[in-house]
$ cat structure15.txt   # compact mmCIF, N, CA and C atoms
# COMPACT_ATOMS: atom_id res chain seq x y z
N MET A 1 118.71 106.70 79.51
CA MET A 1 118.44 105.28 79.61
C MET A 1 118.40 104.84 81.07
N ARG A 2 119.35 105.30 81.85
CA ARG A 2 119.37 104.91 83.27
C ARG A 2 118.13 105.37 84.01
N SER A 3 117.67 106.59 83.75
CA SER A 3 116.51 107.09 84.48
C SER A 3 115.28 106.25 84.19
N GLY A 4 115.13 105.74 82.96
CA GLY A 4 114.01 104.86 82.65
C GLY A 4 114.07 103.57 83.43
N CYS A 5 115.28 103.04 83.60
CA CYS A 5 115.46 101.81 84.36
C CYS A 5 115.13 102.04 85.83
N VAL A 6 115.58 103.16 86.37
CA VAL A 6 115.30 103.49 87.77
C VAL A 6 113.80 103.66 87.97
N PHE A 7 113.15 104.35 87.03
CA PHE A 7 111.70 104.53 87.13
C PHE A 7 111.00 103.19 87.12
N GLY A 8 111.41 102.30 86.23
CA GLY A 8 110.79 100.98 86.14
C GLY A 8 110.91 100.20 87.43
N ILE A 9 112.08 100.21 88.03
CA ILE A 9 112.30 99.50 89.29
C ILE A 9 111.51 100.15 90.42
N SER A 10 111.57 101.47 90.51
CA SER A 10 110.84 102.14 91.60
C SER A 10 109.34 101.96 91.42
N HIS A 11 108.87 101.89 90.19
CA HIS A 11 107.45 101.68 89.93
C HIS A 11 107.00 100.31 90.45
N LEU A 12 107.84 99.30 90.34
CA LEU A 12 107.52 97.97 90.85
C LEU A 12 107.42 97.93 92.36
N LEU A 13 108.15 98.81 93.02
CA LEU A 13 108.21 98.79 94.47
C LEU A 13 107.13 99.64 95.14
N VAL A 14 106.37 100.42 94.37
CA VAL A 14 105.31 101.24 94.94
C VAL A 14 104.15 100.33 95.33
N LEU A 15 103.77 100.41 96.59
CA LEU A 15 102.70 99.56 97.09
C LEU A 15 101.34 100.20 96.85
N SER A 16 100.42 99.38 96.46
CA SER A 16 99.05 99.82 96.33
C SER A 16 98.44 99.76 97.72
N THR A 17 97.93 100.86 98.20
CA THR A 17 97.31 100.87 99.52
C THR A 17 95.84 101.25 99.38
N SER A 18 95.05 100.73 100.27
CA SER A 18 93.64 101.07 100.26
C SER A 18 93.13 101.11 101.70
N GLU A 19 91.95 101.67 101.84
CA GLU A 19 91.32 101.79 103.15
C GLU A 19 90.91 100.41 103.67
N PHE A 20 91.09 100.21 104.96
CA PHE A 20 90.71 98.95 105.58
C PHE A 20 89.21 98.72 105.46
N GLN A 21 88.85 97.54 104.98
CA GLN A 21 87.46 97.10 104.91
C GLN A 21 87.42 95.67 105.44
N LYS A 22 86.72 95.46 106.53
CA LYS A 22 86.73 94.15 107.17
C LYS A 22 86.29 93.03 106.24
N ASP A 23 85.25 93.26 105.43
CA ASP A 23 84.79 92.20 104.54
C ASP A 23 85.86 91.82 103.52
N LYS A 24 86.58 92.79 103.00
CA LYS A 24 87.66 92.50 102.05
C LYS A 24 88.83 91.84 102.79
N TRP A 25 89.14 92.29 104.00
CA TRP A 25 90.21 91.71 104.81
C TRP A 25 89.96 90.22 105.04
N THR A 26 88.73 89.86 105.36
CA THR A 26 88.43 88.46 105.65
C THR A 26 88.28 87.62 104.39
N SER A 27 87.86 88.21 103.28
CA SER A 27 87.61 87.42 102.07
C SER A 27 88.82 87.28 101.15
N ASP A 28 89.77 88.20 101.20
CA ASP A 28 90.90 88.14 100.28
C ASP A 28 92.22 88.30 101.05
N ILE A 29 92.62 87.22 101.74
CA ILE A 29 93.81 87.32 102.60
C ILE A 29 95.08 87.58 101.81
N ASN A 30 95.10 87.27 100.53
CA ASN A 30 96.29 87.51 99.72
C ASN A 30 96.48 88.97 99.36
N LYS A 31 95.48 89.81 99.60
CA LYS A 31 95.58 91.24 99.30
C LYS A 31 95.53 92.10 100.57
N ARG A 32 95.65 91.48 101.72
CA ARG A 32 95.62 92.25 102.97
C ARG A 32 96.73 93.28 103.04
N TYR A 33 97.85 93.00 102.40
CA TYR A 33 98.97 93.95 102.42
C TYR A 33 98.54 95.32 101.92
N GLU A 34 97.52 95.38 101.06
CA GLU A 34 97.04 96.65 100.55
C GLU A 34 96.36 97.49 101.64
N MET A 35 95.84 96.84 102.68
CA MET A 35 95.11 97.54 103.74
C MET A 35 95.88 97.66 105.05
N VAL A 36 97.00 96.95 105.16
CA VAL A 36 97.67 96.87 106.46
C VAL A 36 98.19 98.23 106.92
N GLU A 37 98.58 99.09 105.99
CA GLU A 37 99.04 100.43 106.39
C GLU A 37 97.89 101.22 107.02
N ASP A 38 96.70 101.12 106.43
CA ASP A 38 95.54 101.82 106.99
C ASP A 38 95.17 101.24 108.36
N VAL A 39 95.30 99.92 108.51
CA VAL A 39 95.04 99.30 109.82
C VAL A 39 95.96 99.91 110.87
N GLN A 40 97.23 100.07 110.53
CA GLN A 40 98.20 100.62 111.48
C GLN A 40 97.90 102.07 111.84
N HIS A 41 97.49 102.87 110.84
CA HIS A 41 97.33 104.29 111.07
C HIS A 41 95.93 104.69 111.54
N SER A 42 94.92 103.94 111.14
CA SER A 42 93.54 104.31 111.47
C SER A 42 93.00 103.60 112.71
N HIS A 43 93.64 102.52 113.11
CA HIS A 43 93.17 101.75 114.26
C HIS A 43 94.34 101.56 115.22
N ARG A 44 94.14 101.98 116.42
CA ARG A 44 95.20 101.84 117.43
C ARG A 44 95.22 100.39 117.88
N LEU A 45 96.21 99.63 117.42
CA LEU A 45 96.28 98.21 117.76
C LEU A 45 96.79 97.97 119.17
N VAL A 46 97.83 98.72 119.56
CA VAL A 46 98.39 98.55 120.90
C VAL A 46 97.33 98.94 121.93
N GLY A 47 97.09 98.04 122.86
CA GLY A 47 96.09 98.28 123.90
C GLY A 47 94.78 97.56 123.66
N LEU A 48 94.56 97.07 122.43
CA LEU A 48 93.32 96.34 122.16
C LEU A 48 93.34 94.99 122.86
N THR A 49 92.17 94.56 123.31
CA THR A 49 92.05 93.23 123.90
C THR A 49 91.98 92.20 122.77
N GLN A 50 92.15 90.93 123.12
CA GLN A 50 92.05 89.87 122.12
C GLN A 50 90.67 89.88 121.46
N ASN A 51 89.64 90.11 122.23
CA ASN A 51 88.29 90.18 121.68
C ASN A 51 88.16 91.35 120.70
N GLU A 52 88.69 92.51 121.05
CA GLU A 52 88.61 93.67 120.16
C GLU A 52 89.37 93.43 118.86
N VAL A 53 90.51 92.76 118.94
CA VAL A 53 91.27 92.42 117.74
C VAL A 53 90.47 91.48 116.85
N THR A 54 89.82 90.49 117.46
CA THR A 54 89.01 89.54 116.69
C THR A 54 87.84 90.25 116.01
N VAL A 55 87.21 91.18 116.71
CA VAL A 55 86.11 91.94 116.11
C VAL A 55 86.62 92.76 114.93
N LEU A 56 87.78 93.37 115.07
CA LEU A 56 88.35 94.21 114.01
C LEU A 56 88.88 93.39 112.85
N LEU A 57 89.71 92.38 113.12
CA LEU A 57 90.46 91.68 112.08
C LEU A 57 90.00 90.24 111.82
N SER A 58 89.05 89.76 112.55
CA SER A 58 88.57 88.37 112.49
C SER A 58 89.58 87.44 113.15
N GLU A 59 89.36 86.15 113.01
CA GLU A 59 90.26 85.17 113.62
C GLU A 59 91.61 85.19 112.90
N PRO A 60 92.70 85.07 113.65
CA PRO A 60 94.03 85.06 113.02
C PRO A 60 94.30 83.73 112.32
N ASN A 61 95.31 83.74 111.46
CA ASN A 61 95.73 82.50 110.79
C ASN A 61 96.49 81.60 111.74
N TYR A 62 97.16 82.20 112.71
CA TYR A 62 97.84 81.45 113.77
C TYR A 62 97.46 82.12 115.08
N LYS A 63 97.11 81.30 116.06
CA LYS A 63 96.68 81.86 117.34
C LYS A 63 97.35 81.10 118.47
N GLY A 64 98.31 81.76 119.11
CA GLY A 64 98.92 81.23 120.30
C GLY A 64 98.39 82.00 121.50
N GLU A 65 98.83 81.64 122.68
CA GLU A 65 98.34 82.31 123.88
C GLU A 65 98.74 83.79 123.92
N GLU A 66 99.97 84.08 123.54
CA GLU A 66 100.47 85.46 123.61
C GLU A 66 100.93 86.00 122.26
N PHE A 67 100.66 85.28 121.17
CA PHE A 67 101.15 85.67 119.86
C PHE A 67 100.13 85.26 118.80
N TRP A 68 99.65 86.23 118.01
CA TRP A 68 98.74 85.97 116.91
C TRP A 68 99.38 86.44 115.63
N GLN A 69 99.04 85.75 114.53
CA GLN A 69 99.61 86.13 113.25
C GLN A 69 98.52 86.11 112.17
N TYR A 70 98.50 87.19 111.38
CA TYR A 70 97.60 87.32 110.24
C TYR A 70 98.43 87.33 108.97
N TYR A 71 98.19 86.39 108.09
CA TYR A 71 98.85 86.38 106.80
C TYR A 71 98.31 87.55 105.99
N ILE A 72 99.18 88.33 105.34
CA ILE A 72 98.71 89.50 104.58
C ILE A 72 99.04 89.41 103.09
N GLY A 73 99.59 88.30 102.63
CA GLY A 73 99.87 88.13 101.21
C GLY A 73 101.31 88.42 100.86
N MET A 74 101.59 88.41 99.57
CA MET A 74 102.94 88.67 99.05
C MET A 74 103.03 90.15 98.70
N THR A 75 103.63 90.92 99.58
CA THR A 75 103.81 92.34 99.32
C THR A 75 104.70 92.49 98.09
N PRO A 76 104.25 93.26 97.08
CA PRO A 76 105.08 93.42 95.88
C PRO A 76 106.45 93.99 96.22
N ARG A 77 107.47 93.33 95.73
CA ARG A 77 108.84 93.79 95.90
C ARG A 77 109.65 93.25 94.74
N LEU A 78 110.85 93.69 94.62
CA LEU A 78 111.69 93.33 93.49
C LEU A 78 111.85 91.83 93.34
N ILE A 79 112.19 91.14 94.44
CA ILE A 79 112.35 89.69 94.41
C ILE A 79 111.55 89.10 95.57
N PRO A 80 110.25 88.82 95.34
CA PRO A 80 109.44 88.25 96.41
C PRO A 80 109.82 86.79 96.65
N ILE A 81 110.01 86.45 97.92
CA ILE A 81 110.35 85.08 98.28
C ILE A 81 109.25 84.48 99.15
N ASP A 82 108.90 85.17 100.19
CA ASP A 82 107.91 84.68 101.14
C ASP A 82 106.77 85.68 101.27
N GLY A 83 105.65 85.18 101.77
CA GLY A 83 104.54 86.06 102.08
C GLY A 83 104.84 86.86 103.34
N ASP A 84 104.01 87.82 103.63
CA ASP A 84 104.19 88.68 104.79
C ASP A 84 103.09 88.43 105.81
N ALA A 85 103.33 88.89 107.02
CA ALA A 85 102.36 88.70 108.10
C ALA A 85 102.34 89.91 109.02
N LEU A 86 101.19 90.12 109.62
CA LEU A 86 101.01 91.08 110.70
C LEU A 86 100.97 90.24 111.96
N SER A 87 101.95 90.44 112.84
CA SER A 87 102.02 89.67 114.08
C SER A 87 101.73 90.57 115.26
N LEU A 88 100.93 90.06 116.17
CA LEU A 88 100.54 90.79 117.38
C LEU A 88 101.03 90.03 118.60
N GLN A 89 101.65 90.75 119.53
CA GLN A 89 102.08 90.15 120.79
C GLN A 89 101.17 90.66 121.89
N PHE A 90 100.68 89.73 122.71
CA PHE A 90 99.77 90.06 123.80
C PHE A 90 100.44 89.85 125.15
N SER A 91 100.06 90.67 126.09
CA SER A 91 100.43 90.49 127.48
C SER A 91 99.20 90.85 128.31
N ASN A 92 98.84 90.00 129.23
CA ASN A 92 97.63 90.20 130.03
C ASN A 92 96.40 90.43 129.15
N GLY A 93 96.34 89.75 128.00
CA GLY A 93 95.18 89.82 127.14
C GLY A 93 95.07 91.05 126.26
N LYS A 94 96.12 91.91 126.23
CA LYS A 94 96.10 93.12 125.42
C LYS A 94 97.32 93.18 124.52
N VAL A 95 97.15 93.79 123.34
CA VAL A 95 98.27 93.95 122.41
C VAL A 95 99.30 94.89 123.03
N VAL A 96 100.55 94.42 123.10
CA VAL A 96 101.63 95.27 123.61
C VAL A 96 102.57 95.73 122.50
N ARG A 97 102.58 94.97 121.39
CA ARG A 97 103.34 95.40 120.22
C ARG A 97 102.91 94.59 119.02
N TYR A 98 103.23 95.12 117.85
CA TYR A 98 102.93 94.42 116.60
C TYR A 98 104.00 94.74 115.59
N LEU A 99 104.14 93.87 114.60
CA LEU A 99 105.09 94.13 113.53
C LEU A 99 104.65 93.42 112.27
N ILE A 100 105.12 93.94 111.14
CA ILE A 100 104.87 93.34 109.84
C ILE A 100 106.20 92.76 109.39
N HIS A 101 106.18 91.51 108.93
CA HIS A 101 107.43 90.84 108.58
C HIS A 101 107.18 89.76 107.56
N GLU A 102 108.26 89.27 106.95
CA GLU A 102 108.18 88.12 106.05
C GLU A 102 107.96 86.87 106.88
N THR A 103 107.24 85.92 106.32
CA THR A 103 107.01 84.67 107.03
C THR A 103 108.09 83.65 106.69
$ encode --input "structure15.txt" --output "C-alpha cells"
Amino acid sequence: MRSGCVFGISHLLVLSTSEFQKDKWTSDINKRYEMVEDVQHSHRLVGLTQNEVTVLLSEPNYKGEEFWQYYIGMTPRLIPIDGDALSLQFSNGKVVRYLIHET
C-alpha cells in the first residue's frame, strides 16, 4: 500500500519537459516551464547580450535595466502556490547569471 502512495506522489512531481520552440514559448507562457530545462541546457544564456536574449526568448514579462523576468507558468508540484519565473541578471548589457524561482 505504501509503495502505491509513494508512486502516486512521485508521479505528480515528474515534470513534463520538451524541446524549446520559440513560437510555443511566445504563444503559451503558462507552459514555458516545460521548455525551460532545454533553454538552460541547449542555449548558453550567460554571456548573451540583451538583444540576443530578446531574439531567443522574445520580450520579457518584466524588463528592468539590469534584471529581466520571464513568467514560465505553474510548475507542477505537490502544493502549487505561485507561478515560476526565469530571471536574468545583466551587467554591461550581458547576462551574468540566471535562476528559476517562484514568483
$ closest_residue --input "structure15.txt" --among "A:Ala85, A:Ser91, A:Thr26, A:Pro60" --to "A:Gly73" --atoms "only N, CA and C atoms"
A:Ala85
$ axis_aligned_box --input "structure15.txt" --around "stretch 19-27 of chain A" --padding-each-side "5 Å" --output "AutoDock Vina command-line options"
--center_x 88.4 --center_y 94.5 --center_z 104.2 --size_x 17.2 --size_y 24.5 --size_z 16.0
$ select_by_dssp --input "structure15.txt" --residues "chain A" --states "strand (DSSP E)" --output "PyMOL selection string"
chain A and resi 62-63+67-73+84-91+94-102
$ residues_around --input "structure15.txt" --residues "A:His101" --least-positions-apart "3" --cutoff "10 Å" --atoms "only C-alpha atoms" --output "PyMOL selection string"
chain A and resi 71-72+82-87+98
$ residues_around --input "structure15.txt" --residues "stretch 50-54 of chain A" --least-positions-apart "4" --cutoff "7 Å" --atoms "all atoms listed in the file" --output "list in words"
Ser58, Glu59, Pro60, Gly93, Lys94 and Val95 of chain A
$ write_last_selection --input "structure15.txt" --atoms "N, CA and C atoms" --output "PDB file, in the frame of the given file"
ATOM      1  N   SER A  58      89.050  89.760 112.550  1.00  0.00           N
ATOM      2  CA  SER A  58      88.570  88.370 112.490  1.00  0.00           C
ATOM      3  C   SER A  58      89.580  87.440 113.150  1.00  0.00           C
ATOM      4  N   GLU A  59      89.360  86.150 113.010  1.00  0.00           N
ATOM      5  CA  GLU A  59      90.260  85.170 113.620  1.00  0.00           C
ATOM      6  C   GLU A  59      91.610  85.190 112.900  1.00  0.00           C
ATOM      7  N   PRO A  60      92.700  85.070 113.650  1.00  0.00           N
ATOM      8  CA  PRO A  60      94.030  85.060 113.020  1.00  0.00           C
ATOM      9  C   PRO A  60      94.300  83.730 112.320  1.00  0.00           C
ATOM     10  N   GLY A  93      96.340  89.750 128.000  1.00  0.00           N
ATOM     11  CA  GLY A  93      95.180  89.820 127.140  1.00  0.00           C
ATOM     12  C   GLY A  93      95.070  91.050 126.260  1.00  0.00           C
ATOM     13  N   LYS A  94      96.120  91.910 126.230  1.00  0.00           N
ATOM     14  CA  LYS A  94      96.100  93.120 125.420  1.00  0.00           C
ATOM     15  C   LYS A  94      97.320  93.180 124.520  1.00  0.00           C
ATOM     16  N   VAL A  95      97.150  93.790 123.340  1.00  0.00           N
ATOM     17  CA  VAL A  95      98.270  93.950 122.410  1.00  0.00           C
ATOM     18  C   VAL A  95      99.300  94.890 123.030  1.00  0.00           C
TER      19      VAL A  95
END
$ closest_residue --input "structure15.txt" --among "A:Val39, A:Thr17, A:Asp28, A:Phe90" --to "A:Glu65" --atoms "only C-alpha atoms"
A:Phe90
$ atom_distance --input "structure15.txt" --atom1 "atom CA of A:Leu78" --atom2 "atom CA of A:Ser27"
26.2 Å
$ atom_distance --input "structure15.txt" --atom1 "atom CA of A:Val55" --atom2 "atom CA of A:Pro76"
27.8 Å
$ residues_around --input "structure15.txt" --residues "A:Trp68" --least-positions-apart "4" --cutoff "5 Å" --atoms "all atoms listed in the file" --output "list of chain:residue names"
A:Tyr62, A:Lys63, A:Gly64, A:Ser87, A:Leu88
$ closest_residue --input "structure15.txt" --among "A:Arg97, A:Gly47, A:His41, A:Arg32" --to "A:Tyr70" --atoms "only C-alpha atoms"
A:Arg32
$ select_by_dssp --input "structure15.txt" --residues "chain A" --states "alpha helix (DSSP H)" --output "PyMOL selection string"
chain A and resi 2-13+22-27+33-42+50-57
$ atom_distance --input "structure15.txt" --atom1 "atom C of A:Val36" --atom2 "atom CA of A:Ile81"
19.9 Å
$ decode --input "structure15.txt" --residues "stretch 49-82 of chain A" --atoms "N, CA and C atoms" --output "short mmCIF file (atom, residue, chain, number, x, y, z; two decimals), in the first residue's frame"
data_model
loop_
_atom_site.label_atom_id
_atom_site.label_comp_id
_atom_site.auth_asym_id
_atom_site.auth_seq_id
_atom_site.Cartn_x
_atom_site.Cartn_y
_atom_site.Cartn_z
N THR A 49 23.88 38.95 -25.04
CA THR A 49 23.51 40.36 -24.93
C THR A 49 21.99 40.46 -24.76
N GLN A 50 21.52 41.63 -24.36
CA GLN A 50 20.08 41.84 -24.22
C GLN A 50 19.37 41.60 -25.56
N ASN A 51 19.97 42.04 -26.64
CA ASN A 51 19.39 41.82 -27.96
C ASN A 51 19.32 40.33 -28.29
N GLU A 52 20.37 39.58 -28.00
CA GLU A 52 20.37 38.14 -28.27
C GLU A 52 19.32 37.41 -27.44
N VAL A 53 19.13 37.83 -26.19
CA VAL A 53 18.10 37.24 -25.35
C VAL A 53 16.72 37.52 -25.93
N THR A 54 16.50 38.75 -26.39
CA THR A 54 15.21 39.11 -26.98
C THR A 54 14.94 38.29 -28.25
N VAL A 55 15.96 38.09 -29.06
CA VAL A 55 15.80 37.28 -30.27
C VAL A 55 15.45 35.84 -29.89
N LEU A 56 16.09 35.30 -28.87
CA LEU A 56 15.86 33.93 -28.44
C LEU A 56 14.52 33.76 -27.73
N LEU A 57 14.25 34.60 -26.73
CA LEU A 57 13.11 34.39 -25.84
C LEU A 57 11.97 35.40 -26.00
N SER A 58 12.11 36.35 -26.87
CA SER A 58 11.16 37.45 -27.07
C SER A 58 11.25 38.44 -25.92
N GLU A 59 10.32 39.38 -25.89
CA GLU A 59 10.33 40.40 -24.83
C GLU A 59 9.97 39.76 -23.49
N PRO A 60 10.64 40.18 -22.42
CA PRO A 60 10.33 39.62 -21.10
C PRO A 60 9.01 40.17 -20.55
N ASN A 61 8.49 39.49 -19.54
CA ASN A 61 7.28 39.97 -18.87
C ASN A 61 7.58 41.16 -17.98
N TYR A 62 8.79 41.22 -17.47
CA TYR A 62 9.27 42.37 -16.69
C TYR A 62 10.64 42.72 -17.23
N LYS A 63 10.86 44.00 -17.44
CA LYS A 63 12.14 44.43 -18.01
C LYS A 63 12.65 45.63 -17.24
N GLY A 64 13.69 45.40 -16.45
CA GLY A 64 14.39 46.47 -15.78
C GLY A 64 15.71 46.69 -16.49
N GLU A 65 16.49 47.64 -16.02
CA GLU A 65 17.76 47.94 -16.66
C GLU A 65 18.74 46.78 -16.55
N GLU A 66 18.80 46.16 -15.39
CA GLU A 66 19.76 45.07 -15.17
C GLU A 66 19.10 43.75 -14.78
N PHE A 67 17.77 43.66 -14.88
CA PHE A 67 17.06 42.48 -14.43
C PHE A 67 15.84 42.26 -15.32
N TRP A 68 15.74 41.09 -15.96
CA TRP A 68 14.60 40.72 -16.77
C TRP A 68 13.97 39.48 -16.19
N GLN A 69 12.64 39.36 -16.36
CA GLN A 69 11.95 38.20 -15.83
C GLN A 69 10.94 37.68 -16.86
N TYR A 70 10.98 36.36 -17.06
CA TYR A 70 10.04 35.67 -17.94
C TYR A 70 9.17 34.76 -17.08
N TYR A 71 7.88 34.97 -17.11
CA TYR A 71 6.96 34.08 -16.43
C TYR A 71 6.96 32.75 -17.16
N ILE A 72 7.06 31.63 -16.43
CA ILE A 72 7.10 30.32 -17.09
C ILE A 72 5.93 29.42 -16.71
N GLY A 73 4.98 29.92 -15.94
CA GLY A 73 3.80 29.12 -15.60
C GLY A 73 3.91 28.49 -14.22
N MET A 74 2.93 27.66 -13.91
CA MET A 74 2.88 26.95 -12.62
C MET A 74 3.52 25.59 -12.80
N THR A 75 4.76 25.46 -12.39
CA THR A 75 5.44 24.18 -12.47
C THR A 75 4.70 23.18 -11.60
N PRO A 76 4.32 22.02 -12.15
CA PRO A 76 3.59 21.04 -11.34
C PRO A 76 4.40 20.63 -10.10
N ARG A 77 3.76 20.70 -8.96
CA ARG A 77 4.37 20.28 -7.71
C ARG A 77 3.25 19.87 -6.79
N LEU A 78 3.60 19.29 -5.68
CA LEU A 78 2.61 18.75 -4.76
C LEU A 78 1.61 19.80 -4.31
N ILE A 79 2.10 20.96 -3.88
CA ILE A 79 1.22 22.04 -3.44
C ILE A 79 1.65 23.33 -4.15
N PRO A 80 1.11 23.56 -5.36
CA PRO A 80 1.49 24.79 -6.08
C PRO A 80 0.85 26.01 -5.44
N ILE A 81 1.65 27.04 -5.23
CA ILE A 81 1.15 28.27 -4.64
C ILE A 81 1.31 29.42 -5.63
N ASP A 82 2.50 29.59 -6.14
CA ASP A 82 2.79 30.69 -7.05
C ASP A 82 3.34 30.15 -8.36
#
